[in-house]
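Colleague: Quick one: structure below, then a few questions.
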Amino acid sequence: MSKEIPYKIYLEENEMPEKWYNVRADMKNKPAPLLNPGTGQPLNAEELGAVFCDELVAQELDNDTQYIEIPQEIRDFYKMYRPSPLVRAYCLEEKLQTPAKIYYKFEGNNTSGSHKLNSAIAQAYYAKKQGLKGVTTETGAGQWGTALSMACAYLDLDCKVYMVKVSYEQKPFRREVMRTYGASVVPSPSETTEVGKKILAEHPGTTGSLGCAISEAVEVAGRDPGYRYVLGSVLNQVLLHQSVIGLETKAALEKYDIHPDIIIGCAGGGSNLGGLIGPFMGEKLRGENDYRIIAVEPASCPSFTRGTYAYDFCDTGMICPLAKMYTLGSSFIPSANHAGGLRFHGMSPVLSQLYHDGYMEAVSVEQTSVFEAATQFARTEGILPAPESAHAIRATIDEALKCKETGEEKTIVFGLTGTGYFDMVAYEKYNDGDMSDYIPSDEEIAASVAKLPKVNA
Ligand SMILES: *Cc1c(COP(=O)(O)O)cnc(C)c1O
């Protein structure tokens, strides 16, 4: 095996990006604007300013600026855990006996264990710069809450996390990591908000939901002018911040003149995938280069492959703005046996538009095959992947096996978004043979899609 390309391609600190890349600038068809659910009109900067801090509102609405300066303080924070390595998966290639060349960009090398820190620090920085006291958010599995706690600790900003009660109780270690970084973590629903009290009165003993936790976090931010609400995926601003992943990947590949044929990422709300593919998609949009780009989603929550492109609520509580996206309907809830994350019903409006216009593909994979790929990867490459990341591993292995059949030496790059140490209950299920697959029926999806809000847009 030729080894001129090292196992890990690192960039020097001075080769790290100084600007984020905004793919919307190169899109002919811009993503549809967020709508005010009350009026059905696009949200303006003033309305958005009640929810997000000013600089982030500007980024959210900016469809034209191609590159946006990364403030020095954020670049300094990035240096604590970036640049992240681009790894040549020589061991996996060998195991698969494939002629394909496989690379992965590893974002799990920080305490939050995922790429979410890239946007958490940016969102916390702009809140601090605006003189705010703190931020509120929700967290389900806990990666986003952990990333935000780390960023807020660094900037001395108050951080209130509403954590879905069932996770709060079942993932005590995640909760303690957040508290160690100084965040206050409240199990949701709680008595600290009106909406929480109402839900508790109606459903005593409920273990909560993401939609409910969002409602509580938004209410708390709304009643104190010193706070804003922040979100870890889906939004245009989050994809912008995550472009640091793609910019570093591109710079590392260029060092060795590597041209990827296929770029693969898992898709929940779309932030890691949007960030990884951003600069490559830019070249594709400008007609400079071509790549196959594949989004991988769970068969139990298949927004791209079986969803509808329409305006929908971002939350199950139906209080957030309407976004035009591929969606299964905000009332869609993945089956209880779904253990692998990526359970959001919708998809980033930017990626939705690109998918709609034919610039990328999507596949869905079943969770037992995802955990099989995760295990194979852990045993060959050493890293224990997050179940979310393992969706991308599954699709990568499938593409590499196709290359084995055809003899094609394709170059595949995929995003390894994080590590899975806090997901051992899911791994335990898989190891015990207790994991099953669930694919929603067409009727089930049609029933929640039938409840999409009526919008004339
Ligand atoms: C949150 C998360 C994802 C999915 O979110 P996207 O916004 O789709 O990127 C994927 N992998 C890991 C490790 C995560 O924490």
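How things are named: the first chain in the structure tokens is A, the next is B, and so on; residues count from 1 in each chain; ligands count from 1 in the order shown.
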Report as a Markdown table the residues of chain A within 7 Å of ligand 1, each with its shortest atom pair and distance in Å (one decimal), using only C-alpha atoms and all ligand atoms, ordered by chain and increasing residue number.
Modeller:
```
| residue | atom | partner | partner_atom_place_in_ligand_line | distance |
| --- | --- | --- | --- | --- |
| A:Gly113 | CA | ligand 1 | 13 (C) | 6.8 |
| A:Ser114 | CA | ligand 1 | 13 (C) | 4.6 |
| A:His115 | CA | ligand 1 | 13 (C) | 6.6 |
| A:Lys116 | CA | ligand 1 | 15 (O) | 6.3 |
| A:Gln143 | CA | ligand 1 | 15 (O) | 5.1 |
| A:Trp144 | CA | ligand 1 | 1 (C) | 6.6 |
| A:Gly232 | CA | ligand 1 | 7 (O) | 6.9 |
| A:Ser233 | CA | ligand 1 | 7 (O) | 4.3 |
| A:Val234 | CA | ligand 1 | 7 (O) | 6.2 |
| A:Cys266 | CA | ligand 1 | 8 (O) | 6.3 |
| A:Ala267 | CA | ligand 1 | 8 (O) | 4.0 |
| A:Gly268 | CA | ligand 1 | 8 (O) | 3.3 |
| A:Gly269 | CA | ligand 1 | 8 (O) | 3.9 |
| A:Gly270 | CA | ligand 1 | 8 (O) | 3.6 |
| A:Ser271 | CA | ligand 1 | 7 (O) | 3.6 |
| A:Asn272 | CA | ligand 1 | 9 (O) | 3.6 |
| A:Leu273 | CA | ligand 1 | 9 (O) | 5.9 |
| A:Leu342 | CA | ligand 1 | 4 (C) | 5.5 |
| A:Ala386 | CA | ligand 1 | 13 (C) | 5.3 |
| A:Glu388 | CA | ligand 1 | 11 (N) | 4.5 |
| A:Ser389 | CA | ligand 1 | 11 (N) | 5.1 |
| A:Thr417 | CA | ligand 1 | 13 (C) | 4.5 |
| A:Gly418 | CA | ligand 1 | 13 (C) | 3.9 |
| A:Thr419 | CA | ligand 1 | 13 (C) | 6.4 |
```
Colleague: Take the residues from that selection and put them in a file with N, CA, C and O atoms, as a compact mmCIF listing (two decimals), in the first residue's frame.
Modeller:
```txt
# COMPACT_ATOMS: atom_id res chain seq x y z
N GLY A 113 -17.56 16.62 22.64
CA GLY A 113 -17.58 15.40 21.85
C GLY A 113 -18.23 15.55 20.49
O GLY A 113 -18.55 14.55 19.84
N SER A 114 -18.40 16.78 20.01
CA SER A 114 -19.01 16.95 18.68
C SER A 114 -18.61 18.28 18.06
O SER A 114 -17.97 19.11 18.70
N HIS A 115 -19.08 18.47 16.82
CA HIS A 115 -18.82 19.71 16.08
C HIS A 115 -19.59 20.89 16.64
O HIS A 115 -19.36 22.03 16.24
N LYS A 116 -20.55 20.68 17.55
CA LYS A 116 -21.45 21.75 17.96
C LYS A 116 -20.73 22.94 18.60
O LYS A 116 -21.22 24.06 18.58
N GLN A 143 -25.46 16.99 23.63
CA GLN A 143 -24.23 17.51 23.02
C GLN A 143 -24.27 19.03 22.86
O GLN A 143 -23.28 19.70 23.11
N TRP A 144 -25.38 19.54 22.41
CA TRP A 144 -25.48 20.98 22.19
C TRP A 144 -25.40 21.72 23.54
O TRP A 144 -24.68 22.71 23.66
N GLY A 232 -28.77 25.10 18.16
CA GLY A 232 -27.51 24.49 17.73
C GLY A 232 -27.47 23.93 16.31
O GLY A 232 -26.44 23.41 15.89
N SER A 233 -28.58 24.02 15.57
CA SER A 233 -28.58 23.46 14.21
C SER A 233 -29.60 24.21 13.36
O SER A 233 -30.12 25.25 13.78
N VAL A 234 -29.88 23.71 12.18
CA VAL A 234 -30.96 24.15 11.29
C VAL A 234 -30.78 25.58 10.72
O VAL A 234 -30.93 25.78 9.52
N CYS A 266 -23.76 12.90 7.87
CA CYS A 266 -25.06 12.58 8.46
C CYS A 266 -25.87 13.87 8.54
O CYS A 266 -25.32 14.97 8.58
N ALA A 267 -27.19 13.71 8.53
CA ALA A 267 -28.05 14.89 8.55
C ALA A 267 -29.15 14.77 9.58
O ALA A 267 -30.02 13.92 9.48
N GLY A 268 -29.07 15.63 10.60
CA GLY A 268 -30.15 15.76 11.59
C GLY A 268 -30.89 17.04 11.26
O GLY A 268 -31.91 17.05 10.59
N GLY A 269 -30.32 18.17 11.70
CA GLY A 269 -30.83 19.47 11.29
C GLY A 269 -30.01 20.05 10.16
O GLY A 269 -30.37 21.07 9.57
N GLY A 270 -28.87 19.42 9.87
CA GLY A 270 -28.07 19.79 8.71
C GLY A 270 -26.82 20.62 8.98
O GLY A 270 -26.15 21.03 8.03
N SER A 271 -26.47 20.84 10.26
CA SER A 271 -25.37 21.79 10.49
C SER A 271 -24.00 21.23 10.14
O SER A 271 -23.17 21.91 9.55
N ASN A 272 -23.72 19.97 10.52
CA ASN A 272 -22.38 19.44 10.21
C ASN A 272 -22.25 19.23 8.71
O ASN A 272 -21.23 19.54 8.11
N LEU A 273 -23.32 18.71 8.10
CA LEU A 273 -23.27 18.45 6.66
C LEU A 273 -23.12 19.76 5.89
O LEU A 273 -22.27 19.88 5.00
N LEU A 342 -30.34 12.17 15.47
CA LEU A 342 -30.85 12.71 14.20
C LEU A 342 -32.37 12.62 14.13
O LEU A 342 -32.93 12.22 13.12
N ALA A 386 -20.04 8.52 17.57
CA ALA A 386 -21.41 8.83 17.96
C ALA A 386 -22.34 8.11 17.00
O ALA A 386 -22.02 7.98 15.82
N GLU A 388 -24.90 9.19 15.63
CA GLU A 388 -25.23 10.12 14.53
C GLU A 388 -24.16 10.00 13.43
O GLU A 388 -24.47 9.85 12.25
N SER A 389 -22.90 10.09 13.87
CA SER A 389 -21.78 10.02 12.90
C SER A 389 -21.78 8.70 12.16
O SER A 389 -21.36 8.63 10.99
N THR A 417 -18.57 13.29 13.04
CA THR A 417 -18.96 14.47 13.83
C THR A 417 -18.67 14.36 15.31
O THR A 417 -18.57 15.37 15.98
N GLY A 418 -18.56 13.13 15.84
CA GLY A 418 -18.33 13.06 17.28
C GLY A 418 -18.15 11.66 17.81
O GLY A 418 -18.18 10.67 17.06
N THR A 419 -17.94 11.61 19.12
CA THR A 419 -17.72 10.34 19.81
C THR A 419 -18.98 9.90 20.55
O THR A 419 -19.86 10.71 20.84
```
Colleague: What are the DSSP alpha helix (DSSP H) residues of stretch 163-409 of chain A, as a ChimeraX atom specification?
Modeller: /A:165-170,172-180,194-202,210-222,236-255,271-285,303-306,349-356,367-381,387-406
Colleague: Determine the nearest neighbour of A:Asp224 from the options A:Ser352, A:Ser112, A:Gln59, A:Thr136, counting only C-alpha atoms.
Modeller: A:Thr136
Colleague: Could you check the closest approach to A:Gly415 for each of A:Ile9, A:Val244, A:Ile393, A:Val185 and tell me which residue wins, using only C-alpha atoms?
Modeller: A:Ile393
Colleague: With distances taken over only C-alpha atoms, which of A:Ala141, A:Arg82, A:Leu231, A:Gly49 is nearest to A:Ser119?
Modeller: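 When distances to A:Ser119 are compared using only C-alpha atoms, the smallest one comes from A:Leu231.
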Colleague: What does the structure give for the distance between atom CA of A:Tyr7 and atom CA of A:His241, in Å to one decimal?
Modeller: 26.8 Å
Colleague: Leaving out A:Cys212 and any residue of its chain fewer than 3 positions from it, which residues lie within 9 Å of it when counting only C-alpha atoms, given as a PyMOL selection string?
Modeller: chain A and resi 138+164+188-189+195-196+199+208-209+215-217+315-317
Colleague: From the options A:Pro453, A:Pro187, A:Pro387, A:Pro42, which residue's atoms come nearest to A:Phe422, counting only C-alpha atoms?
Modeller: A:Pro387
Colleague: Near A:Gly226, within 7 Å and counting only C-alpha atoms, which residues show up once chain neighbours fewer than 5 positions away are dropped, as a PyMOL selection string?
Modeller: chain A and resi 132-134
Colleague: I need the residues from that last selection saved to file as a CSV table (one decimal), in the first residue's frame (with all heavy atoms), if you can.
Modeller:
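This is the output file result34.csv:
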```csv
chain,number,residue,atom,x,y,z
A,132,LEU,N,-25.1,41.1,26.8
A,132,LEU,CA,-26.2,40.3,27.4
A,132,LEU,C,-25.6,39.6,28.6
A,132,LEU,O,-24.4,39.4,28.8
A,132,LEU,CB,-26.7,39.3,26.4
A,132,LEU,CG,-27.4,40.0,25.1
A,132,LEU,CD1,-27.7,38.9,24.1
A,132,LEU,CD2,-28.6,40.7,25.5
A,133,LYS,N,-26.6,39.2,29.5
A,133,LYS,CA,-26.2,38.5,30.7
A,133,LYS,C,-26.0,37.0,30.4
A,133,LYS,O,-25.2,36.3,31.0
A,133,LYS,CB,-27.3,38.6,31.8
A,133,LYS,CG,-27.1,39.9,32.6
A,133,LYS,CD,-27.9,39.7,33.9
A,133,LYS,CE,-29.3,39.4,33.8
A,133,LYS,NZ,-30.3,40.5,34.1
A,134,GLY,N,-26.9,36.5,29.5
A,134,GLY,CA,-26.8,35.1,29.3
A,134,GLY,C,-27.7,34.6,28.1
A,134,GLY,O,-28.3,35.4,27.4
```
